[in-house]
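Reproduced below: model_21.cif, with mmCIF, C-alpha atoms.
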```cif
data_data
#
loop_
_atom_site.label_atom_id
_atom_site.label_comp_id
_atom_site.auth_asym_id
_atom_site.auth_seq_id
_atom_site.Cartn_x
_atom_site.Cartn_y
_atom_site.Cartn_z
CA MET X 1 12.28 16.15 -108.47
CA LYS X 2 12.46 14.03 -105.38
CA GLU X 3 8.68 13.90 -105.09
CA GLU X 4 8.50 12.54 -108.61
CA LYS X 5 11.08 9.83 -107.89
CA LEU X 6 9.26 8.88 -104.73
CA SER X 7 6.13 8.37 -106.79
CA ILE X 8 7.97 6.28 -109.40
CA ILE X 9 9.58 4.12 -106.71
CA GLU X 10 6.17 3.46 -105.15
CA SER X 11 4.66 2.46 -108.49
CA LEU X 12 7.57 0.18 -109.31
CA LEU X 13 7.42 -1.49 -105.92
CA LEU X 14 3.70 -2.11 -106.33
CA ALA X 15 4.03 -3.43 -109.88
CA VAL X 16 7.01 -5.67 -109.22
CA GLY X 17 5.83 -7.04 -105.89
CA ARG X 18 9.06 -8.72 -104.87
CA PRO X 19 11.82 -6.86 -102.98
CA LEU X 20 13.83 -4.47 -105.16
CA SER X 21 17.42 -3.70 -104.32
CA LEU X 22 18.36 -0.09 -103.73
CA LYS X 23 21.25 -0.66 -106.11
CA GLU X 24 18.95 -1.68 -108.95
CA LEU X 25 16.51 1.17 -108.30
CA GLY X 26 19.38 3.60 -107.87
CA SER X 27 20.95 2.88 -111.20
CA PHE X 28 17.60 2.75 -113.01
CA LEU X 29 16.35 6.06 -111.62
CA SER X 30 19.77 7.75 -111.22
CA ILE X 31 19.49 8.17 -107.47
CA ASP X 32 22.62 9.13 -105.56
CA GLU X 33 23.70 6.73 -102.84
CA GLY X 34 23.53 9.53 -100.29
CA ASP X 35 19.87 10.31 -101.05
CA TRP X 36 18.59 6.89 -99.97
CA PRO X 37 18.17 7.49 -96.24
CA GLU X 38 15.92 10.50 -96.94
CA ILE X 39 13.89 8.62 -99.57
CA VAL X 40 13.46 5.54 -97.39
CA ASP X 41 12.42 7.68 -94.42
CA ALA X 42 9.88 9.53 -96.58
CA LEU X 43 8.38 6.24 -97.82
CA LYS X 44 8.20 4.83 -94.31
CA ALA X 45 6.66 8.01 -92.91
CA LYS X 46 3.99 7.96 -95.60
CA HIS X 47 3.05 4.29 -95.36
CA ASN X 48 4.07 2.77 -92.05
CA GLN X 49 1.18 3.89 -89.88
CA ALA X 50 -1.87 2.20 -88.45
CA SER X 51 -4.27 3.79 -90.97
CA SER X 52 -2.37 2.51 -94.02
CA GLY X 53 -3.07 -0.93 -95.49
CA ILE X 54 0.24 -0.95 -97.31
CA HIS X 55 3.53 -0.76 -95.43
CA VAL X 56 7.12 -0.44 -96.63
CA ALA X 57 9.66 -3.00 -95.43
CA VAL X 58 13.37 -2.26 -95.74
CA ASN X 59 16.08 -4.84 -95.16
CA ASN X 60 19.61 -5.54 -96.31
CA ARG X 61 19.47 -2.70 -98.88
CA GLN X 62 16.25 -4.00 -100.36
CA ILE X 63 12.80 -2.49 -100.25
CA GLN X 64 9.35 -4.03 -100.67
CA LEU X 65 5.68 -3.15 -100.27
CA VAL X 66 3.94 -5.45 -97.79
CA THR X 67 0.57 -5.49 -96.05
CA ASN X 68 0.00 -3.83 -92.70
CA PRO X 69 1.04 -6.51 -90.17
CA ASP X 70 -1.94 -5.68 -87.96
CA ASN X 71 -4.23 -6.99 -90.69
CA GLY X 72 -2.40 -10.32 -90.72
CA LYS X 73 -5.10 -12.27 -88.91
CA ILE X 74 -7.93 -11.18 -91.22
CA LEU X 75 -5.87 -11.75 -94.36
CA GLN X 76 -5.08 -15.21 -93.13
CA GLN X 77 -8.81 -15.94 -92.88
CA TYR X 78 -9.32 -14.68 -96.42
CA PHE X 79 -6.49 -16.79 -97.83
CA LYS X 80 -7.38 -19.71 -95.54
CA ASP X 81 -3.69 -19.72 -94.88
CA GLU X 82 -2.11 -22.04 -92.36
CA LEU X 83 1.11 -20.30 -91.53
CA THR X 84 3.38 -23.12 -90.61
CA GLY X 85 6.77 -22.68 -89.16
CA GLU X 86 7.89 -23.50 -85.72
CA LEU X 87 11.56 -22.82 -85.41
CA THR X 88 13.99 -25.06 -83.59
CA LYS X 89 15.93 -23.57 -80.71
CA PRO X 90 19.23 -23.28 -82.63
CA SER X 91 17.35 -21.73 -85.58
CA VAL X 92 15.81 -19.01 -83.44
CA GLU X 93 19.11 -18.38 -81.72
CA THR X 94 21.01 -18.07 -85.00
CA LEU X 95 18.29 -15.93 -86.61
CA THR X 96 18.29 -13.64 -83.59
CA ILE X 97 22.02 -13.03 -83.77
CA ILE X 98 21.91 -12.47 -87.55
CA ALA X 99 18.91 -10.10 -87.27
CA TYR X 100 20.60 -7.92 -84.65
CA ARG X 101 24.09 -8.01 -86.14
CA GLN X 102 23.54 -8.19 -89.90
CA PRO X 103 25.44 -8.28 -92.12
CA ILE X 104 27.41 -10.77 -90.07
CA SER X 105 30.14 -13.24 -91.08
CA LYS X 106 30.01 -16.93 -90.22
CA GLU X 107 33.13 -16.50 -88.06
CA GLU X 108 31.55 -13.72 -86.00
CA LEU X 109 28.36 -15.73 -85.61
CA GLU X 110 30.30 -18.78 -84.42
CA GLN X 111 32.25 -16.63 -82.02
CA ILE X 112 28.97 -15.56 -80.38
CA ARG X 113 27.34 -19.01 -80.42
CA GLY X 114 30.53 -20.89 -79.57
CA VAL X 115 29.65 -23.67 -81.97
CA ASN X 116 30.08 -24.53 -85.64
CA CYS X 117 27.15 -23.04 -87.59
CA SER X 118 27.62 -24.40 -91.14
CA LEU X 119 24.67 -26.78 -91.02
CA ILE X 120 22.24 -24.39 -89.39
CA LEU X 121 23.14 -21.62 -91.86
CA ARG X 122 22.45 -23.98 -94.74
CA ASN X 123 19.05 -24.90 -93.30
CA LEU X 124 18.08 -21.27 -92.79
CA LEU X 125 19.20 -20.43 -96.34
CA ILE X 126 17.06 -23.26 -97.75
CA ARG X 127 14.04 -22.08 -95.75
CA GLY X 128 14.52 -18.57 -97.14
CA LEU X 129 14.86 -16.99 -93.70
CA ILE X 130 18.36 -15.67 -94.34
CA GLU X 131 20.37 -14.75 -97.40
CA ALA X 132 24.09 -14.77 -98.10
CA ASN X 133 25.79 -11.68 -99.48
CA GLU X 134 29.18 -11.91 -101.12
CA ASP X 135 31.54 -9.02 -100.90
CA LYS X 136 33.63 -9.26 -104.06
CA ASP X 137 36.34 -6.96 -102.73
CA ASN X 138 37.48 -9.06 -99.80
CA LEU X 139 35.82 -12.37 -100.76
CA ALA X 140 33.95 -12.43 -97.47
CA THR X 141 30.44 -13.87 -97.22
CA THR X 142 28.05 -12.24 -94.81
CA TYR X 143 24.53 -13.20 -93.82
CA SER X 144 21.37 -11.15 -93.37
CA VAL X 145 17.77 -12.03 -92.60
CA THR X 146 15.32 -11.91 -95.53
CA MET X 147 12.18 -9.88 -96.16
CA ASP X 148 10.27 -13.11 -95.58
CA PHE X 149 11.63 -13.24 -92.07
CA LEU X 150 10.61 -9.62 -91.43
CA ARG X 151 7.13 -10.31 -92.79
CA HIS X 152 6.80 -13.30 -90.48
CA LEU X 153 7.64 -11.10 -87.53
CA GLY X 154 5.42 -8.32 -88.84
CA ILE X 155 8.12 -5.66 -88.66
CA ALA X 156 9.25 -3.15 -91.28
CA THR X 157 12.97 -3.27 -90.55
CA VAL X 158 15.31 -5.02 -88.11
CA ALA X 159 15.59 -1.74 -86.21
CA ASP X 160 12.01 -2.42 -85.01
CA LEU X 161 13.22 -5.45 -83.03
CA PRO X 162 13.06 -5.16 -79.24
CA GLU X 163 16.17 -3.55 -77.75
CA TYR X 164 17.72 -3.20 -81.19
CA ALA X 165 20.01 -0.29 -80.34
CA LYS X 166 21.44 -2.16 -77.39
CA LEU X 167 22.11 -5.50 -79.08
CA SER X 168 23.18 -4.31 -82.52
CA SER X 169 26.54 -2.73 -81.74
CA ASP X 170 29.60 -3.99 -79.95
CA GLU X 171 29.96 -0.74 -78.08
CA ASN X 172 26.49 -0.76 -76.57
CA LEU X 173 26.81 -4.42 -75.74
CA ALA X 174 30.07 -3.74 -73.92
CA LYS X 175 28.39 -1.02 -71.88
CA LEU X 176 25.47 -3.29 -71.17
CA LEU X 177 27.75 -6.06 -69.97
CA ASP X 178 29.59 -3.68 -67.65
CA ASN X 179 26.27 -2.65 -66.09
CA THR X 180 25.20 -6.26 -65.61
CA ALA X 181 28.54 -7.03 -64.00
CA ASP X 182 28.04 -4.15 -61.55
CA GLU X 183 24.60 -5.43 -60.60
CA GLU X 184 25.91 -8.92 -60.03
CA ASN X 185 28.69 -7.66 -57.80
CA LYS X 186 26.31 -5.75 -55.52
CA MET T 1 24.50 -35.90 -60.10
CA HIS T 2 21.69 -35.18 -62.55
CA GLN T 3 21.78 -37.02 -65.82
CA ILE T 4 21.17 -34.60 -68.66
CA HIS T 5 21.10 -35.77 -72.24
CA LEU T 6 23.36 -33.68 -74.35
CA GLU T 7 21.05 -33.50 -77.36
CA GLN T 8 19.19 -30.71 -75.68
CA PHE T 9 22.24 -28.46 -75.73
CA GLU T 10 22.75 -26.34 -78.79
CA GLY T 11 26.44 -25.87 -78.18
CA PRO T 12 28.99 -25.56 -75.40
CA LEU T 13 27.86 -22.06 -74.39
CA ASP T 14 24.26 -23.21 -74.12
CA LEU T 15 25.43 -26.05 -71.86
CA LEU T 16 27.51 -23.65 -69.75
CA LEU T 17 24.61 -21.23 -69.41
CA GLN T 18 22.25 -23.99 -68.27
CA LEU T 19 24.79 -25.26 -65.75
CA ILE T 20 25.27 -21.73 -64.39
CA GLU T 21 21.51 -21.29 -64.07
CA LYS T 22 20.96 -24.75 -62.57
CA ASN T 23 23.56 -23.96 -59.89
CA LYS T 24 22.06 -20.47 -59.38
CA LEU T 25 25.39 -18.76 -60.01
CA HIS T 26 26.28 -15.46 -61.65
CA ILE T 27 28.52 -15.50 -64.69
CA THR T 28 31.98 -14.99 -63.21
CA GLU T 29 35.31 -16.72 -63.63
CA ILE T 30 34.93 -18.32 -60.21
CA SER T 31 31.49 -19.74 -61.11
CA LEU T 32 32.93 -21.11 -64.34
CA ALA T 33 35.76 -22.78 -62.43
CA LYS T 34 33.16 -24.30 -60.08
CA ILE T 35 31.12 -25.96 -62.80
CA THR T 36 34.11 -27.35 -64.69
CA ASP T 37 33.61 -30.89 -63.34
CA GLN T 38 29.92 -30.94 -64.26
CA TYR T 39 30.72 -29.69 -67.75
CA LEU T 40 33.37 -32.39 -68.24
CA ASP T 41 30.97 -35.06 -66.95
CA TYR T 42 28.40 -34.07 -69.56
CA ILE T 43 30.76 -34.13 -72.51
CA GLU T 44 32.14 -37.44 -71.32
CA GLN T 45 28.62 -38.92 -71.37
CA ALA T 46 27.92 -37.69 -74.87
CA ASP T 47 29.21 -40.25 -77.36
CA ASP T 48 27.14 -39.09 -80.32
CA LEU T 49 28.50 -35.58 -80.86
CA ALA T 50 29.39 -34.69 -84.43
CA SER T 51 33.13 -34.32 -84.80
CA ALA T 52 32.83 -30.63 -85.69
CA GLU T 53 30.97 -30.04 -82.44
CA VAL T 54 33.34 -32.12 -80.32
CA ALA T 55 36.08 -29.63 -81.11
CA ASP T 56 33.85 -26.74 -80.03
CA PHE T 57 32.92 -28.47 -76.77
CA LEU T 58 36.54 -29.36 -76.04
CA LEU T 59 37.82 -25.87 -76.79
CA ILE T 60 35.55 -24.55 -74.04
CA ALA T 61 36.55 -27.51 -71.82
CA SER T 62 40.21 -26.56 -72.15
CA LYS T 63 39.39 -22.96 -71.22
CA LEU T 64 37.45 -24.17 -68.17
CA ILE T 65 40.25 -26.46 -67.03
CA TYR T 66 42.66 -23.59 -67.41
CA LEU T 67 40.42 -21.27 -65.34
CA LYS T 68 40.10 -23.92 -62.68
CA SER T 69 43.82 -24.57 -62.51
CA LYS T 70 44.30 -20.82 -62.14
CA TYR T 71 42.20 -20.89 -58.96
CA LEU T 72 43.99 -23.99 -57.66
CA LEU T 73 47.41 -22.56 -58.50
CA PRO T 74 47.11 -18.76 -58.37
CA ASP T 75 50.74 -18.25 -59.43
CA LEU T 76 50.36 -20.18 -62.64
CA ALA T 77 50.40 -17.71 -65.49
CA THR T 78 50.83 -18.66 -69.11
CA GLU T 79 50.40 -16.88 -72.36
CA ALA T 80 47.00 -18.54 -72.71
CA GLU T 81 45.67 -15.93 -70.24
CA GLU T 82 44.26 -13.52 -72.80
CA GLU T 83 42.54 -16.15 -74.84
CA VAL T 84 40.87 -17.74 -71.84
CA GLY T 85 40.03 -14.50 -70.05
CA ASP T 86 37.28 -13.74 -72.51
CA LEU T 87 35.17 -16.81 -71.68
CA GLU T 88 33.19 -14.96 -69.02
CA ARG T 89 32.54 -12.12 -71.46
CA GLN T 90 31.74 -14.48 -74.31
CA LEU T 91 29.14 -16.24 -72.18
CA LYS T 92 27.56 -12.93 -71.13
CA ILE T 93 27.23 -11.85 -74.75
CA TYR T 94 25.76 -15.23 -75.63
CA ARG T 95 23.24 -14.85 -72.81
CA GLU T 96 22.07 -11.46 -74.16
CA TYR T 97 21.24 -12.97 -77.55
CA TYR T 98 19.82 -16.09 -75.95
CA GLU T 99 17.33 -13.91 -74.01
CA ALA T 100 16.57 -11.86 -77.14
CA SER T 101 15.87 -15.06 -79.09
CA LYS T 102 12.96 -15.84 -76.75
CA ALA T 103 11.27 -12.57 -77.75
CA ILE T 104 11.97 -13.25 -81.43
CA ASN T 105 10.42 -16.69 -81.10
CA ARG T 106 7.27 -15.21 -79.55
CA MET T 107 7.02 -12.71 -82.42
CA PHE T 108 7.59 -15.48 -84.94
CA LEU T 109 4.82 -17.63 -83.48
CA ASP T 110 2.37 -14.72 -83.15
CA LYS T 111 0.52 -15.27 -86.38
CA LYS T 112 -1.86 -12.38 -85.90
CA HIS T 113 0.92 -9.93 -86.57
CA TYR T 114 2.09 -10.81 -90.03
CA SER T 115 2.68 -9.02 -93.35
CA TYR T 116 1.83 -10.48 -96.73
CA GLU T 117 3.71 -9.63 -99.89
CA ARG T 118 2.12 -9.46 -103.29
CA LEU T 119 1.17 -13.05 -104.08
CA ASN T 120 1.90 -13.15 -107.80
CA PRO T 121 4.99 -11.07 -108.29
CA TYR T 122 5.66 -9.75 -111.77
CA LYS T 123 8.03 -11.96 -113.74
CA PHE T 124 9.79 -11.45 -117.03
CA ASP T 125 8.47 -14.04 -119.41
CA LEU T 126 11.51 -15.29 -121.28
CA PRO T 127 11.48 -17.97 -123.98
CA GLN T 128 13.28 -21.15 -122.98
CA GLU T 129 16.51 -21.04 -124.93
CA PHE T 130 20.19 -20.49 -124.42
CA ARG T 131 20.59 -16.77 -123.79
CA PRO T 132 24.07 -15.92 -122.54
CA PRO T 133 24.24 -12.43 -121.08
CA LYS T 134 25.65 -9.95 -123.59
CA ASN T 135 28.64 -9.08 -121.44
CA VAL T 136 29.96 -12.63 -121.22
CA ASP T 137 33.10 -13.16 -123.27
CA THR T 138 36.22 -15.25 -122.74
CA ASN T 139 37.79 -12.49 -120.63
CA ALA T 140 34.81 -12.34 -118.30
CA MET T 141 34.87 -16.12 -117.96
CA ALA T 142 38.59 -16.14 -117.17
CA LYS T 143 37.98 -13.47 -114.54
CA ALA T 144 35.13 -15.46 -113.03
CA PHE T 145 37.32 -18.54 -112.83
CA ILE T 146 40.15 -16.64 -111.15
CA PHE T 147 37.55 -15.36 -108.68
CA VAL T 148 36.47 -18.92 -107.94
CA LEU T 149 40.10 -20.01 -107.44
CA SER T 150 40.79 -17.14 -105.07
CA ARG T 151 37.75 -18.18 -103.02
CA ILE T 152 39.03 -21.72 -102.73
CA GLU T 153 42.39 -20.44 -101.59
CA HIS T 154 40.64 -18.52 -98.82
CA LEU T 155 38.96 -21.73 -97.67
CA VAL T 156 42.08 -23.88 -97.89
CA ASN T 157 44.05 -21.46 -95.74
CA LEU T 158 41.57 -21.38 -92.87
CA PRO T 159 43.38 -21.51 -89.53
CA LYS T 160 43.45 -25.03 -88.15
CA ALA T 161 45.11 -24.14 -84.86
CA VAL T 162 41.88 -23.85 -82.85
CA ILE T 163 40.82 -27.40 -83.52
CA ALA T 164 44.25 -28.86 -82.92
CA ARG T 165 44.42 -27.11 -79.57
CA ALA T 166 40.89 -28.06 -78.56
CA ILE T 167 41.47 -31.74 -79.08
CA SER T 168 44.73 -31.95 -77.27
CA ILE T 169 43.51 -31.54 -73.64
CA SER T 170 41.00 -34.35 -73.75
CA GLU T 171 43.46 -36.42 -75.73
CA LYS T 172 46.03 -35.88 -73.05
CA ILE T 173 43.59 -36.98 -70.33
CA GLU T 174 42.87 -40.16 -72.27
CA GLU T 175 46.54 -40.65 -73.02
CA ILE T 176 47.54 -40.47 -69.35
CA LYS T 177 44.70 -42.80 -68.38
CA SER T 178 45.66 -45.45 -70.90
CA LEU T 179 49.40 -45.18 -70.27
CA ILE T 180 48.81 -45.57 -66.53
CA LYS T 181 46.63 -48.61 -67.18
CA GLU T 182 49.41 -50.18 -69.25
CA ARG T 183 52.42 -49.28 -67.21
CA VAL T 184 51.08 -48.80 -63.65
CA HIS T 185 53.47 -45.89 -63.21
CA MET T 186 55.43 -43.47 -65.35
CA ASN T 187 57.11 -40.14 -65.02
CA PHE T 188 56.07 -36.81 -66.44
CA LYS T 189 59.34 -35.92 -68.10
CA GLU T 190 59.65 -39.24 -69.87
CA TRP T 191 56.05 -38.97 -71.08
CA LEU T 192 56.48 -35.50 -72.53
CA GLU T 193 59.91 -35.95 -74.01
CA LYS T 194 60.16 -34.48 -77.48
CA LYS T 195 56.85 -32.63 -77.08
CA ASP T 196 56.52 -28.91 -77.73
CA LYS T 197 55.82 -26.28 -75.09
CA MET T 198 52.08 -26.09 -75.71
CA GLU T 199 51.76 -29.83 -75.33
CA VAL T 200 53.65 -29.77 -72.04
CA VAL T 201 51.31 -27.06 -70.70
CA VAL T 202 48.22 -28.93 -71.89
CA GLY T 203 49.62 -32.20 -70.55
CA PHE T 204 50.21 -30.61 -67.17
CA LEU T 205 46.65 -29.24 -67.07
CA ALA T 206 45.36 -32.70 -67.95
CA LEU T 207 47.49 -34.14 -65.15
CA LEU T 208 46.02 -31.65 -62.62
CA GLU T 209 42.51 -32.52 -63.73
CA LEU T 210 43.14 -36.26 -63.30
CA VAL T 211 44.59 -35.72 -59.83
CA LYS T 212 41.48 -33.73 -58.96
CA GLN T 213 39.28 -36.53 -60.27
CA LYS T 214 41.29 -38.94 -58.11
CA GLU T 215 42.21 -41.05 -61.12
CA ILE T 216 45.94 -40.82 -60.47
CA ILE T 217 48.44 -40.03 -57.73
CA VAL T 218 51.45 -37.85 -58.45
CA LYS T 219 54.57 -38.02 -56.24
CA GLN T 220 57.49 -35.63 -56.24
CA ASP T 221 60.48 -36.30 -53.95
CA GLU T 222 62.05 -32.87 -54.00
CA LEU T 223 61.42 -29.36 -55.35
CA PHE T 224 61.60 -29.43 -59.18
CA GLY T 225 62.20 -33.17 -58.91
CA GLU T 226 60.76 -35.82 -61.15
CA LEU T 227 56.94 -36.14 -61.20
CA ASN T 228 56.04 -39.81 -60.77
CA ILE T 229 52.54 -40.73 -61.85
CA GLU T 230 50.67 -43.77 -60.49
CA LYS T 231 47.17 -45.09 -60.82
CA ASN T 232 44.96 -44.37 -57.81
CA ASN T 233 43.64 -47.78 -56.80
CA ASN T 234 41.38 -46.59 -53.97
#
```

Spell out the structure here as structure tokens.
Amino acid sequence: MKEEKLSIIESLLLAVGRPLSLKELGSFLSIDEGDWPEIVDALKAKHNQASSGIHVAVNNRQIQLVTNPDNGKILQQYFKDELTGELTKPSVETLTIIAYRQPISKEELEQIRGVNCSLILRNLLIRGLIEANEDKDNLATTYSVTMDFLRHLGIATVADLPEYAKLSSDENLAKLLDNTADEENK
Amino acid sequence: MHQIHLEQFEGPLDLLLQLIEKNKLHITEISLAKITDQYLDYIEQADDLASAEVADFLLIASKLIYLKSKYLLPDLATEAEEEVGDLERQLKIYREYYEASKAINRMFLDKKHYSYERLNPYKFDLPQEFRPPKNVDTNAMAKAFIFVLSRIEHLVNLPKAVIARAISISEKIEEIKSLIKERVHMNFKEWLEKKDKMEVVVGFLALLELVKQKEIIVKQDELFGELNIEKNNN
């Protein structure tokens, strides 16, 4: 049963091309919420390896088939593609915090950066590097990075970012800060 | 004193971090107290800050002045303690992400490692005409409008206290300066008559900062006596 669904999901992802939300796939294929981690892991295990030309990227409860990032340079030659896109310092900083802490609210982001972020968030939204999610229950808006951002970095999920475990949770960060403080006091 | 143009700072924490690094200090409360003057110099030189950012810079300034006054007057303890105490921690957290952002930038600029998506994604080809979704009726529209209203309410009720507080310290510094210019001398009590407790605390911190900057001289004849403020003409 699960094998069959895995196969259907793969075909859909290939045919549609753009990112599909787990919610949409779930209701279309009657997949239980709890089954997703196993399905996503199975897809990643099958595709995300050096020998596969097609990889699976997963972000913000969306899933998409993308090309193996290691082939990026050769594909660029084929498409004669000039990948533009330097990022300004505040853009990188804001993207970094969102990538490690997503989904993150504007308030939390501003708390970390210590500065008003309305303008920068709008710019990043327009460039398609982040997306806004609205939680209808508590009216809160949170921000996440987009698949486009992951593709630019050539990673399959934000968990592939350097030192992700350390920087993604308050608890680990607190521990980290305590250690740094100890070193500085030596 | 180095002249640094403020445009290169992406916010008050970025400025603080660069000052800490320039002075080769570790992030501690004492270091923060030490660089308070440099921080204030920089924000004084910046006349072109957007008003939204001014508040952010001044909020941090008020925390710095508080930290500094704490080291000058160890017995001074106010209820602001908890709020200010987290500045050191806040800066350390900021530094972690600041360092991480350098790695992210390298990855972003490394164009050899890049994934493509399918270039012509499948699209539903719909005729161009008015096609309201089937589930839209007057009830759904009323609900949607109530949802919009509740969102606005959330925005309207945003706390304004932070900004009010941030502006008041620098305002107080300016206020003392201009009053002293006008009147040559004045006394503290008279100046702060009819002001609330927070304003008195902020006013006092502003006073300490001006004494430190040698802008004014404060005389007090006896313990708990009147504080007389004069311009420092030397």

| task | Could you state which residues are captured by the PyMOL selection byres ((chain T) within 6 of (chain X)) in this file, as a PyMOL selection string? | result | chain T and resi 11+13+56+94+101+107-108+112-118+121-122

Those residues with C-alpha atoms, as a CSV table (one decimal), in the coordinates of the input please?
```csv
chain,number,residue,atom,x,y,z
T,11,GLY,CA,26.4,-25.9,-78.2
T,13,LEU,CA,27.9,-22.1,-74.4
T,56,ASP,CA,33.8,-26.7,-80.0
T,94,TYR,CA,25.8,-15.2,-75.6
T,101,SER,CA,15.9,-15.1,-79.1
T,107,MET,CA,7.0,-12.7,-82.4
T,108,PHE,CA,7.6,-15.5,-84.9
T,112,LYS,CA,-1.9,-12.4,-85.9
T,113,HIS,CA,0.9,-9.9,-86.6
T,114,TYR,CA,2.1,-10.8,-90.0
T,115,SER,CA,2.7,-9.0,-93.4
T,116,TYR,CA,1.8,-10.5,-96.7
T,117,GLU,CA,3.7,-9.6,-99.9
T,118,ARG,CA,2.1,-9.5,-103.3
T,121,PRO,CA,5.0,-11.1,-108.3
T,122,TYR,CA,5.7,-9.8,-111.8
```

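In this structure, CA of Asp110 (chain T) sits 25.2 Å away from CA of Asp14 (chain T).
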
| said: Please report the interatomic distance between CA of Asn228 (chain T) and CA of Gln38 (chain T) in Å with one decimal. | reply: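 These atoms are spaced 27.8 Å apart.
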
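Going from CA of Asn59 (chain X) to CA of Lys2 (chain X) covers 21.8 Å.
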
Report as a compact mmCIF listing (two decimals) with C-alpha atoms, keeping the file's coordinate frame the full result of the PyMOL selection byres ((chain X and resi 61) around 12) when it is applied to this structure.
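Listing of selection39.txt after writing:
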```txt
# COMPACT_ATOMS: atom_id res chain seq x y z
CA PRO X 19 11.82 -6.86 -102.98
CA LEU X 20 13.83 -4.47 -105.16
CA SER X 21 17.42 -3.70 -104.32
CA LEU X 22 18.36 -0.09 -103.73
CA LYS X 23 21.25 -0.66 -106.11
CA GLU X 24 18.95 -1.68 -108.95
CA LEU X 25 16.51 1.17 -108.30
CA GLY X 26 19.38 3.60 -107.87
CA GLU X 33 23.70 6.73 -102.84
CA TRP X 36 18.59 6.89 -99.97
CA PRO X 37 18.17 7.49 -96.24
CA VAL X 40 13.46 5.54 -97.39
CA ALA X 57 9.66 -3.00 -95.43
CA VAL X 58 13.37 -2.26 -95.74
CA ASN X 59 16.08 -4.84 -95.16
CA ASN X 60 19.61 -5.54 -96.31
CA GLN X 62 16.25 -4.00 -100.36
CA ILE X 63 12.80 -2.49 -100.25
CA GLN X 64 9.35 -4.03 -100.67
CA GLN X 102 23.54 -8.19 -89.90
CA PRO X 103 25.44 -8.28 -92.12
CA ASN X 133 25.79 -11.68 -99.48
CA SER X 144 21.37 -11.15 -93.37
CA VAL X 145 17.77 -12.03 -92.60
CA THR X 146 15.32 -11.91 -95.53
CA MET X 147 12.18 -9.88 -96.16
CA THR X 157 12.97 -3.27 -90.55
CA VAL X 158 15.31 -5.02 -88.11
```

| said: Env of region 206-216 of chain T: 8 Å cut, atoms = all atoms listed in the file, seq-sep filter 4 positions within chain, self excluded. Answer as a VMD selection string. | reply: chain T and resid 65 69 169 to 170 172 to 173 176 to 177 202 229 to 232

| message | With 12 Å as the threshold, what does the neighbourhood of (30.2, -22.9, -61.8) contain in terms of residues, counting only C-alpha atoms? Coordinates are those of the file; answer as a PyMOL selection string. | response | chain T and resi 15-40+64-65+67-68+88

| task | Fewer than 2 positions away in the same chain doesn't count, so skip those; otherwise give me all residues within 8 Å of Ser105 (chain X), counting only C-alpha atoms, as an MDAnalysis selection string. | result | chainID X and resid 103 107:109 140:143

Keeping only C-alpha atoms, write the selected residues to a file as a tab-separated table (two decimals), keeping the file's coordinate frame.
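What ended up in out29.tsv:
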```tsv
chain	number	residue	atom	x	y	z
X	103	PRO	CA	25.44	-8.28	-92.12
X	107	GLU	CA	33.13	-16.50	-88.06
X	108	GLU	CA	31.55	-13.72	-86.00
X	109	LEU	CA	28.36	-15.73	-85.61
X	140	ALA	CA	33.95	-12.43	-97.47
X	141	THR	CA	30.44	-13.87	-97.22
X	142	THR	CA	28.05	-12.24	-94.81
X	143	TYR	CA	24.53	-13.20	-93.82
```

Using the atoms already present, construct N, CA and C atoms for region 168-177 of chain T and hand them back as an mmCIF file, in the frame of the given file.
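What follows is the written file part33.cif:
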```cif
data_model
loop_
_atom_site.group_PDB
_atom_site.id
_atom_site.type_symbol
_atom_site.label_atom_id
_atom_site.label_comp_id
_atom_site.auth_asym_id
_atom_site.auth_seq_id
_atom_site.Cartn_x
_atom_site.Cartn_y
_atom_site.Cartn_z
ATOM 1 N N SER T 168 43.606 -31.400 -77.997
ATOM 2 C CA SER T 168 44.730 -31.950 -77.270
ATOM 3 C C SER T 168 44.489 -32.170 -75.767
ATOM 4 N N ILE T 169 43.673 -31.317 -75.088
ATOM 5 C CA ILE T 169 43.510 -31.540 -73.640
ATOM 6 C C ILE T 169 42.811 -32.870 -73.345
ATOM 7 N N SER T 170 41.708 -33.109 -74.039
ATOM 8 C CA SER T 170 41.000 -34.350 -73.750
ATOM 9 C C SER T 170 41.829 -35.553 -74.200
ATOM 10 N N GLU T 171 42.558 -35.346 -75.297
ATOM 11 C CA GLU T 171 43.460 -36.420 -75.730
ATOM 12 C C GLU T 171 44.484 -36.743 -74.657
ATOM 13 N N LYS T 172 45.007 -35.687 -74.071
ATOM 14 C CA LYS T 172 46.030 -35.880 -73.050
ATOM 15 C C LYS T 172 45.450 -36.637 -71.856
ATOM 16 N N ILE T 173 44.208 -36.273 -71.459
ATOM 17 C CA ILE T 173 43.590 -36.980 -70.330
ATOM 18 C C ILE T 173 43.490 -38.471 -70.649
ATOM 19 N N GLU T 174 43.000 -38.759 -71.866
ATOM 20 C CA GLU T 174 42.870 -40.160 -72.270
ATOM 21 C C GLU T 174 44.236 -40.836 -72.337
ATOM 22 N N GLU T 175 45.208 -40.091 -72.851
ATOM 23 C CA GLU T 175 46.540 -40.650 -73.020
ATOM 24 C C GLU T 175 47.133 -41.055 -71.660
ATOM 25 N N ILE T 176 47.010 -40.141 -70.676
ATOM 26 C CA ILE T 176 47.540 -40.470 -69.350
ATOM 27 C C ILE T 176 46.817 -41.693 -68.798
ATOM 28 N N LYS T 177 45.479 -41.677 -68.922
ATOM 29 C CA LYS T 177 44.700 -42.800 -68.380
ATOM 30 C C LYS T 177 45.160 -44.136 -68.966
#
```
